[in-house]
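Before any comments, here is the structure.
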Amino acid sequence: MKITVIGTGYLGTTHAACMAELGFEVLGLDILPERVEALSAGRVPMYEPGLEALLRKHLVGQPGSTGRLRFTSSWAEVGAFGDVHFVCVNTPQRRGEFACDMSYVESAFDLLAPHLQRSAEQPPALVVGKSTVPVGSAERLAERLAERVPAGARVEVAWNPEFLREGFAVNDTLNPDRLVVGVRSEQAEAVLREVYAGLLERGTPMVVTDFPTAELVKTAANSFLATKISFINAMAEVCEASGADVVQLSGALAYDARIGGKFLNAGLGFGGGCLPKDIRAFMARAGELGADQALTFLREVDSINMRRRSRMVELAREQCGGGFLGRRIAVLGAAFKPDSDDVRDSPALNVAGQIQLQGGQVTVFDPKAVDNARKLFPSLGYADSVLEAAEGAHVVLHLTEWQEFREMDPHALAEVVSERRILDGRNVLDPQRWRAAGWTYRALGRPS
Ligand code: UDX
């Protein structure tokens with residue numbers, strides 16, 4: 001069985017390399033020639049731990065590689081090569097709307113369709129959507145594909161959402177909690193069981209269902225995670241108003257196995273290319289379906305999340321004596337979370353940008369995301385190290401919890417700053433340690 005992967009972003013590159021790891025011959029396609037060129041040379045164009053090593057392990061032409069993986073920009077090649085085609089293109093938020101932009105998915109199906117030539121002896125080609133899409137899309141795309149394939153071609157569609165987290169993408173793909181497949185025939189199910197045989201043998205549960213349920217699992221999972229984060233951040237607001245400590249509160253809640261401690265860390269809230277746009281697209285889709293009331297709570301989840309960013313700016317302003325003019329602010333973190341260079345809807349950069357607009361002199365440092373941040377916010381100041389960013393700072397903002405920041409030495413940092421004030425936007429620094437070193441430590445949802 002031969003596999004193609006269409007779209008080589010975070011999801012597609014990881015999926016392609018992991019399919020090769022599972023033993024398949026894999027051909028990846030991207031419409032961006034520079035992407036194909038980089039991947040073909042063994043370079044992953046984003047930071048994802050372990051991914052580049054896995055790519056090189058299987059990439060054709062690399063010393064000692066299995067040679068099972070290569071990349072192209074030719075749709076004809078992809079159509080001729082693959083038995084199973086995974087569509088992994090992104091579905092970003094549409095400009096000025098809550099709904100997501102389906103144009104990349106639609107165009108992938110449209111461009112692939114004319115090349116799905118299968119002889120009568122071959123089993124039907126299976127086109128498997130992995131992108132996060134509004135419920136109802138798989139059915140629509142299956143019809144669209146059927147209209148565009150060559151006369152007599154045998155093709156089927158399946159939907160197989162991905163749950164990988166950036167920073168853990170390889171491990172999440174090779175050791176998933178579960179596999180979810182939306183299928184319309186036993187044949188499609190059998191093909192996907194063969195693709196994932198290695199994982200199924202290890203006991204990974206597989207939920208086999210219809211298209212709309214498969215699509216909804218993904219959006220429902222991300223909505224639940226976003227809600228859990230906003231729940232604890234709402235508690236942080238109440239803690240701030242009442243003098244309570246949200247870190248102790250969430251620790252105590254986590255002992256209840258029904259609640260659990262994961263995704264219960266209060267702080268600057270969620271960002272990235274998935275949770276924010278997925279809950280918005282879900283609300284938009286529910287509206288179209290006449291079920292908008294069911295998801296009005298997600299609007300609140302979104303608002304609580306965005307309020308955390310404003311609250312952080314407020315706290316920073318207070319620490320600067322009521323205004324940012326003439327003040328230097330060090331921002332530690334630009335990625336939306338640690339172990340990633342992704343700055344899409346990054347809470348850290350959002351805060352940095354707001355402070356700069358209010359007259360602060362902001363210098364940002366991130367171990368991996370500075371290049372991406374610079375493209376998005378060229379006017380912010382950037383540094384090459386924590387100490388350089390903190391030079392002369394009136395306040396230090398810790399906004400993305402990289403290990404390097406968790407391990408910072410408060411005494412070393414004290415040597416370079418102008419004032420020892422630190423705001424912990426992720427509630428992971430030890431307040432006692434920082435206070436003992438003479439710092440004013442403040443955090444979201446914790447007493448001063
Ligand atoms: C998410 C889902 O976890 C994943 O299953 C899905 O496939 C894609 O979207 P990802 O965007 O990589 O993955 O990041 P995730 O680890 O979920 O974190 C999302 C955001 O929530 C980050 O900004 C993170 O800092 C924040 N977060 C997470 C919190 O603020 N508190 C928490 O307790 C956990």
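Here's how to read the names in the structure tokens: chain A, B, ... by the order shown, residue numbers from 1 in each chain, ligand numbers from 1 in the order shown.
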
Mind running chain A against ligand 1 at 7 Å and telling me each contacting residue's nearest atom pair with the distance in Å (one decimal), counting only C-alpha atoms and all ligand atoms, chain and number ascending, as a tab-separated table?
residue	atom	partner	partner_atom_place_in_ligand_line	distance
A:Glu162	CA	ligand 1	7 (O)	5.6
A:Phe163	CA	ligand 1	7 (O)	3.4
A:Leu164	CA	ligand 1	7 (O)	4.2
A:Arg165	CA	ligand 1	12 (O)	3.5
A:Glu166	CA	ligand 1	12 (O)	3.7
A:Gly167	CA	ligand 1	12 (O)	6.8
A:Asn222	CA	ligand 1	2 (C)	5.9
A:Ile229	CA	ligand 1	31 (N)	5.2
A:Lys262	CA	ligand 1	33 (O)	6.0
A:Phe263	CA	ligand 1	33 (O)	3.1
A:Leu264	CA	ligand 1	33 (O)	4.2
A:Asn265	CA	ligand 1	33 (O)	3.6
A:Ala266	CA	ligand 1	31 (N)	5.8
A:Gly267	CA	ligand 1	30 (O)	5.8
A:Leu268	CA	ligand 1	30 (O)	6.0
A:Gly269	CA	ligand 1	30 (O)	3.8
A:Phe270	CA	ligand 1	21 (O)	3.5
A:Gly271	CA	ligand 1	23 (O)	4.0
A:Gly272	CA	ligand 1	11 (O)	5.2
A:Gly273	CA	ligand 1	11 (O)	6.0
A:Cys274	CA	ligand 1	9 (O)	4.6
A:Leu275	CA	ligand 1	9 (O)	5.4
A:Phe336	CA	ligand 1	23 (O)	4.8
A:Lys337	CA	ligand 1	25 (O)	4.5
A:Ser346	CA	ligand 1	23 (O)	6.9

Worksheet item: Do you know which residues are at most 9 Å from Leu295 of chain A counting only C-alpha atoms, after dropping those on the same chain fewer than 5 positions away, and could you put them as a list in words?
Response: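 Close residues of Leu295 of chain A: Phe282, Met283, Ala286 and Gly287 of chain A.
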
Worksheet item: Neighbours of segment 126-137 of chain A within 8 Å (only C-alpha atoms; same-chain residues fewer than 5 positions away dropped), as a ChimeraX atom specification?
Response: /A:83-91,100,102,105,155-162,188,211-213,215-216,218-219,278,281-282,285

Kindly export the residues of the current selection with N, CA, C and O atoms, as a compact mmCIF listing (two decimals), in the first residue's frame.
# COMPACT_ATOMS: atom_id res chain seq x y z
N ASP A 83 -2.29 4.79 -3.08
CA ASP A 83 -3.53 4.03 -2.86
C ASP A 83 -4.40 4.79 -1.85
O ASP A 83 -5.61 4.76 -1.92
N VAL A 84 -3.71 5.44 -0.91
CA VAL A 84 -4.40 6.22 0.12
C VAL A 84 -3.81 7.62 0.10
O VAL A 84 -2.58 7.78 0.13
N HIS A 85 -4.69 8.62 0.03
CA HIS A 85 -4.23 10.02 -0.02
C HIS A 85 -4.72 10.75 1.22
O HIS A 85 -5.94 10.90 1.40
N PHE A 86 -3.81 11.21 2.06
CA PHE A 86 -4.21 11.96 3.26
C PHE A 86 -4.18 13.46 2.96
O PHE A 86 -3.12 13.99 2.58
N VAL A 87 -5.29 14.12 3.17
CA VAL A 87 -5.34 15.56 2.94
C VAL A 87 -5.11 16.28 4.27
O VAL A 87 -5.91 16.15 5.21
N CYS A 88 -3.98 16.99 4.36
CA CYS A 88 -3.55 17.58 5.64
C CYS A 88 -3.37 19.10 5.54
O CYS A 88 -2.55 19.68 6.23
N VAL A 89 -4.10 19.75 4.66
CA VAL A 89 -3.92 21.20 4.49
C VAL A 89 -4.66 21.95 5.62
O VAL A 89 -5.53 21.38 6.26
N ASN A 90 -4.30 23.23 5.81
CA ASN A 90 -4.89 23.93 6.96
C ASN A 90 -6.21 24.61 6.62
O ASN A 90 -6.55 24.82 5.44
N THR A 91 -6.96 24.91 7.67
CA THR A 91 -8.27 25.56 7.53
C THR A 91 -8.29 26.77 8.46
O THR A 91 -8.91 26.74 9.52
N CYS A 100 -14.26 29.07 9.27
CA CYS A 100 -12.92 28.77 8.77
C CYS A 100 -12.92 28.79 7.24
O CYS A 100 -13.96 28.67 6.59
N MET A 102 -12.23 27.18 3.94
CA MET A 102 -12.15 25.82 3.41
C MET A 102 -11.45 25.77 2.05
O MET A 102 -11.38 24.71 1.43
N VAL A 105 -8.66 23.12 1.44
CA VAL A 105 -9.14 21.74 1.41
C VAL A 105 -9.85 21.50 0.08
O VAL A 105 -9.60 20.49 -0.61
N VAL A 155 -13.30 5.72 -6.52
CA VAL A 155 -12.72 6.55 -5.45
C VAL A 155 -13.64 6.56 -4.24
O VAL A 155 -14.87 6.55 -4.40
N GLU A 156 -13.05 6.63 -3.05
CA GLU A 156 -13.85 6.77 -1.83
C GLU A 156 -13.25 7.82 -0.94
O GLU A 156 -12.05 8.12 -1.01
N VAL A 157 -14.08 8.35 -0.04
CA VAL A 157 -13.60 9.35 0.92
C VAL A 157 -13.77 8.79 2.33
O VAL A 157 -14.70 8.04 2.60
N ALA A 158 -12.84 9.15 3.22
CA ALA A 158 -12.98 8.84 4.65
C ALA A 158 -12.52 10.08 5.43
O ALA A 158 -11.84 10.94 4.87
N TRP A 159 -12.94 10.17 6.69
CA TRP A 159 -12.47 11.30 7.51
C TRP A 159 -11.80 10.77 8.76
O TRP A 159 -12.35 9.91 9.45
N ASN A 160 -10.60 11.26 9.00
CA ASN A 160 -9.75 10.72 10.07
C ASN A 160 -9.05 11.88 10.79
O ASN A 160 -7.91 12.19 10.52
N PRO A 161 -9.76 12.54 11.71
CA PRO A 161 -9.19 13.73 12.35
C PRO A 161 -7.92 13.42 13.13
O PRO A 161 -7.72 12.31 13.60
N GLU A 162 -7.11 14.44 13.26
CA GLU A 162 -5.81 14.34 13.92
C GLU A 162 -5.89 15.07 15.25
O GLU A 162 -6.50 16.13 15.32
N ALA A 188 -13.38 0.84 3.07
CA ALA A 188 -12.61 2.00 3.56
C ALA A 188 -12.10 1.71 4.97
O ALA A 188 -10.94 2.02 5.30
N PHE A 211 -19.34 10.06 8.92
CA PHE A 211 -18.61 11.31 8.64
C PHE A 211 -18.87 12.40 9.69
O PHE A 211 -17.93 12.93 10.27
N PRO A 212 -20.16 12.77 9.94
CA PRO A 212 -20.35 13.92 10.84
C PRO A 212 -19.82 13.66 12.25
O PRO A 212 -19.27 14.57 12.88
N THR A 213 -19.94 12.43 12.74
CA THR A 213 -19.43 12.17 14.09
C THR A 213 -17.91 12.30 14.11
O THR A 213 -17.35 12.92 15.03
N GLU A 215 -16.05 14.12 12.23
CA GLU A 215 -15.69 15.55 12.15
C GLU A 215 -15.91 16.23 13.50
O GLU A 215 -15.11 17.06 13.94
N LEU A 216 -17.00 15.87 14.15
CA LEU A 216 -17.36 16.52 15.42
C LEU A 216 -16.43 16.14 16.56
O LEU A 216 -16.23 16.93 17.48
N LYS A 218 -13.33 15.95 16.66
CA LYS A 218 -12.21 16.89 16.71
C LYS A 218 -12.63 18.25 17.27
O LYS A 218 -12.01 18.80 18.18
N THR A 219 -13.71 18.81 16.73
CA THR A 219 -14.12 20.14 17.19
C THR A 219 -14.61 20.10 18.63
O THR A 219 -14.37 21.02 19.40
N ASP A 278 -10.72 27.10 16.06
CA ASP A 278 -11.65 25.97 16.02
C ASP A 278 -12.94 26.26 16.79
O ASP A 278 -14.03 25.89 16.35
N ALA A 281 -14.95 28.65 14.57
CA ALA A 281 -15.54 27.98 13.41
C ALA A 281 -16.70 27.09 13.84
O ALA A 281 -17.70 26.95 13.13
N PHE A 282 -16.57 26.51 15.03
CA PHE A 282 -17.62 25.64 15.54
C PHE A 282 -18.90 26.45 15.81
O PHE A 282 -20.01 26.04 15.46
N ARG A 285 -20.50 27.33 12.50
CA ARG A 285 -21.16 26.18 11.88
C ARG A 285 -22.46 25.85 12.60
O ARG A 285 -23.48 25.54 11.96

Item to complete: Assign secondary structure with DSSP using the backbone only, and return the residues of segment 79-294 of chain A in strand (DSSP E) as JSON, numbers by chain.
Response: {"A": [84, 85, 86, 87, 125, 126, 127, 128, 129, 155, 156, 157, 158, 159, 179, 180, 181, 182, 206, 207, 208, 209]}

Response to the item:
What separates atom CA of Asp339 of chain A and atom CA of His398 of chain A is a distance of 15.2 Å

Fill in: alpha helix (DSSP H) residues, from DSSP on the backbone, in segment 131-319 of chain A, as a PyMOL selection string
chain A and resi 137-148+169-174+186-195+197-201+211-242+246-254+275-288+296-319

Practice prompt. Would you mind telling me which residue in A:Glu121, A:His411, A:Pro49, A:Val26 lies nearest to Ser340 of chain A when using only C-alpha atoms?
Written response: A:Pro49

Worksheet entry | Residue contacts of Glu401 of chain A (12 Å, only C-alpha atoms) excluding same-chain residues fewer than 3 positions away, as a PyMOL selection string | chain A and resi 265+267-268+331-340+347-348+366-367+397-398+404-408+424-429

For the selection just defined, write its residues with C-alpha atoms to a file, as an mmCIF file, in the first residue's frame.
data_model
loop_
_atom_site.group_PDB
_atom_site.id
_atom_site.type_symbol
_atom_site.label_atom_id
_atom_site.label_comp_id
_atom_site.auth_asym_id
_atom_site.auth_seq_id
_atom_site.Cartn_x
_atom_site.Cartn_y
_atom_site.Cartn_z
ATOM 1 C CA ASN A 265 -3.222 25.594 34.401
ATOM 2 C CA GLY A 267 -2.403 31.891 33.128
ATOM 3 C CA LEU A 268 -2.368 33.848 29.917
ATOM 4 C CA VAL A 331 9.026 39.818 27.205
ATOM 5 C CA LEU A 332 10.154 36.215 27.622
ATOM 6 C CA GLY A 333 8.332 34.058 25.098
ATOM 7 C CA ALA A 334 6.862 34.661 21.649
ATOM 8 C CA ALA A 335 5.611 31.183 20.670
ATOM 9 C CA PHE A 336 2.028 30.352 21.648
ATOM 10 C CA LYS A 337 3.424 27.565 23.820
ATOM 11 C CA PRO A 338 6.826 26.079 24.661
ATOM 12 C CA ASP A 339 8.631 23.615 22.337
ATOM 13 C CA SER A 340 7.129 25.275 19.283
ATOM 14 C CA PRO A 347 -0.907 35.333 23.683
ATOM 15 C CA ALA A 348 2.694 36.374 24.422
ATOM 16 C CA ASP A 366 12.159 33.281 22.585
ATOM 17 C CA PRO A 367 14.437 30.249 22.176
ATOM 18 C CA LEU A 397 7.110 39.431 31.637
ATOM 19 C CA HIS A 398 7.285 35.634 31.551
ATOM 20 C CA GLU A 404 14.961 27.660 29.892
ATOM 21 C CA PHE A 405 12.745 30.291 31.527
ATOM 22 C CA ARG A 406 11.566 27.970 34.291
ATOM 23 C CA GLU A 407 15.221 27.420 35.200
ATOM 24 C CA MET A 408 16.246 31.108 35.109
ATOM 25 C CA ASP A 424 4.604 35.258 35.635
ATOM 26 C CA GLY A 425 1.980 34.799 32.927
ATOM 27 C CA ARG A 426 2.146 30.998 33.109
ATOM 28 C CA ASN A 427 2.225 30.386 36.874
ATOM 29 C CA VAL A 428 5.240 28.125 36.752
ATOM 30 C CA LEU A 429 7.991 30.153 38.446
#

Practice prompt. Name all residues at most 7 Å from Leu112 of chain A (count only C-alpha atoms; drop same-chain ones fewer than 4 positions away) and give them as a ChimeraX atom specification.
Written response: /A:75,79,108,116

Worksheet item: Which residue out of A:Ala316, A:Ala389, A:Met46, A:Leu380 has the minimum interatomic distance to Tyr10 of chain A when only C-alpha atoms are used?
Response: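 Closest residue, counting only C-alpha atoms: A:Met46.
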
Worksheet entry | Residue neighbourhood Arg420 of chain A, 12 Å, only C-alpha atoms, exclusion window fewer than 2 positions, as a VMD selection string | chain A and resid 319 to 320 329 to 330 390 to 397 410 to 418 422 to 423 434 to 442

Discussion item. If I take atom CA of Arg307 of chain A and atom CA of Phe168 of chain A, how far is one from the other in Å, to one decimal?
Written reply: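 Rounded to one decimal, the two atoms are 27.9 Å apart.
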
Practice prompt. Find the residues near segment 234-243 of chain A: any atom within 9 Å, counting only C-alpha atoms, skip ones fewer than 2 places away on the same chain, and give them as a list in words.
Written response: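 Here the qualifying residues turn out to be Ile229, Ser230, Phe231, Ile232, Asp245, Val246, Val247, Leu249, Ser250, Ala266, Gly267, Val301, Ile304, Asn305, Arg308, Leu444, Gly445, Arg446, Pro447 and Ser448 of chain A.
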
Selection above as a file: N, CA and C atoms, as an mmCIF file, in the first residue's frame:
data_model
loop_
_atom_site.group_PDB
_atom_site.id
_atom_site.type_symbol
_atom_site.label_atom_id
_atom_site.label_comp_id
_atom_site.auth_asym_id
_atom_site.auth_seq_id
_atom_site.Cartn_x
_atom_site.Cartn_y
_atom_site.Cartn_z
ATOM 1 N N ILE A 229 -9.600 25.292 30.031
ATOM 2 C CA ILE A 229 -8.623 26.356 30.293
ATOM 3 C C ILE A 229 -9.357 27.633 30.713
ATOM 4 N N SER A 230 -10.428 27.974 29.989
ATOM 5 C CA SER A 230 -11.134 29.212 30.350
ATOM 6 C C SER A 230 -11.845 29.071 31.687
ATOM 7 N N PHE A 231 -12.260 27.884 32.045
ATOM 8 C CA PHE A 231 -12.884 27.696 33.362
ATOM 9 C C PHE A 231 -11.893 28.105 34.450
ATOM 10 N N ILE A 232 -10.684 27.556 34.372
ATOM 11 C CA ILE A 232 -9.731 27.855 35.449
ATOM 12 C C ILE A 232 -9.293 29.329 35.375
ATOM 13 N N ASP A 245 -5.782 31.985 45.778
ATOM 14 C CA ASP A 245 -4.653 31.579 44.936
ATOM 15 C C ASP A 245 -5.093 30.490 43.955
ATOM 16 N N VAL A 246 -5.136 30.829 42.670
ATOM 17 C CA VAL A 246 -5.666 29.901 41.665
ATOM 18 C C VAL A 246 -4.778 28.664 41.470
ATOM 19 N N VAL A 247 -3.491 28.798 41.765
ATOM 20 C CA VAL A 247 -2.608 27.638 41.593
ATOM 21 C C VAL A 247 -2.950 26.576 42.634
ATOM 22 N N LEU A 249 -5.829 26.425 44.135
ATOM 23 C CA LEU A 249 -7.199 26.006 43.816
ATOM 24 C C LEU A 249 -7.185 24.900 42.757
ATOM 25 N N SER A 250 -6.449 25.098 41.670
ATOM 26 C CA SER A 250 -6.472 24.088 40.608
ATOM 27 C C SER A 250 -5.799 22.809 41.087
ATOM 28 N N ALA A 266 -3.922 27.792 35.063
ATOM 29 C CA ALA A 266 -4.368 29.168 34.827
ATOM 30 C C ALA A 266 -3.189 30.003 34.365
ATOM 31 N N GLY A 267 -3.463 31.012 33.612
ATOM 32 C CA GLY A 267 -2.403 31.891 33.128
ATOM 33 C C GLY A 267 -2.920 32.764 32.008
ATOM 34 N N VAL A 301 -16.187 31.458 26.604
ATOM 35 C CA VAL A 301 -14.870 30.814 26.706
ATOM 36 C C VAL A 301 -13.824 31.686 25.982
ATOM 37 N N ILE A 304 -13.307 35.089 27.998
ATOM 38 C CA ILE A 304 -12.470 34.908 29.204
ATOM 39 C C ILE A 304 -11.013 34.823 28.761
ATOM 40 N N ASN A 305 -10.799 34.049 27.685
ATOM 41 C CA ASN A 305 -9.435 33.850 27.197
ATOM 42 C C ASN A 305 -8.797 35.176 26.773
ATOM 43 N N ARG A 308 -7.670 37.600 29.606
ATOM 44 C CA ARG A 308 -6.413 37.331 30.322
ATOM 45 C C ARG A 308 -5.279 38.168 29.734
ATOM 46 N N LEU A 444 -0.992 35.965 37.424
ATOM 47 C CA LEU A 444 -2.434 36.060 37.205
ATOM 48 C C LEU A 444 -3.138 35.100 38.166
ATOM 49 N N GLY A 445 -4.093 35.613 38.916
ATOM 50 C CA GLY A 445 -4.882 34.738 39.801
ATOM 51 C C GLY A 445 -4.213 34.392 41.110
ATOM 52 N N ARG A 446 -3.150 35.119 41.471
ATOM 53 C CA ARG A 446 -2.471 34.815 42.741
ATOM 54 C C ARG A 446 -2.337 36.076 43.580
ATOM 55 N N PRO A 447 -2.355 35.937 44.897
ATOM 56 C CA PRO A 447 -2.252 37.126 45.735
ATOM 57 C C PRO A 447 -0.897 37.816 45.594
ATOM 58 N N SER A 448 -0.858 39.116 45.786
ATOM 59 C CA SER A 448 0.428 39.841 45.636
ATOM 60 C C SER A 448 1.250 39.682 46.907
#

Worksheet item: Any idea what the distance is between atom CA of Met312 of chain A and atom CA of Pro431 of chain A?
Response: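 Interatomic distance here is 17.0 Å.
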
Worksheet item: Restricting the calculation to only C-alpha atoms, which member of A:Gly321, A:Pro176, A:Gly42, A:Gly261 is positioned closest to Arg56 of chain A?
Response: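 Closest candidate: A:Gly42.
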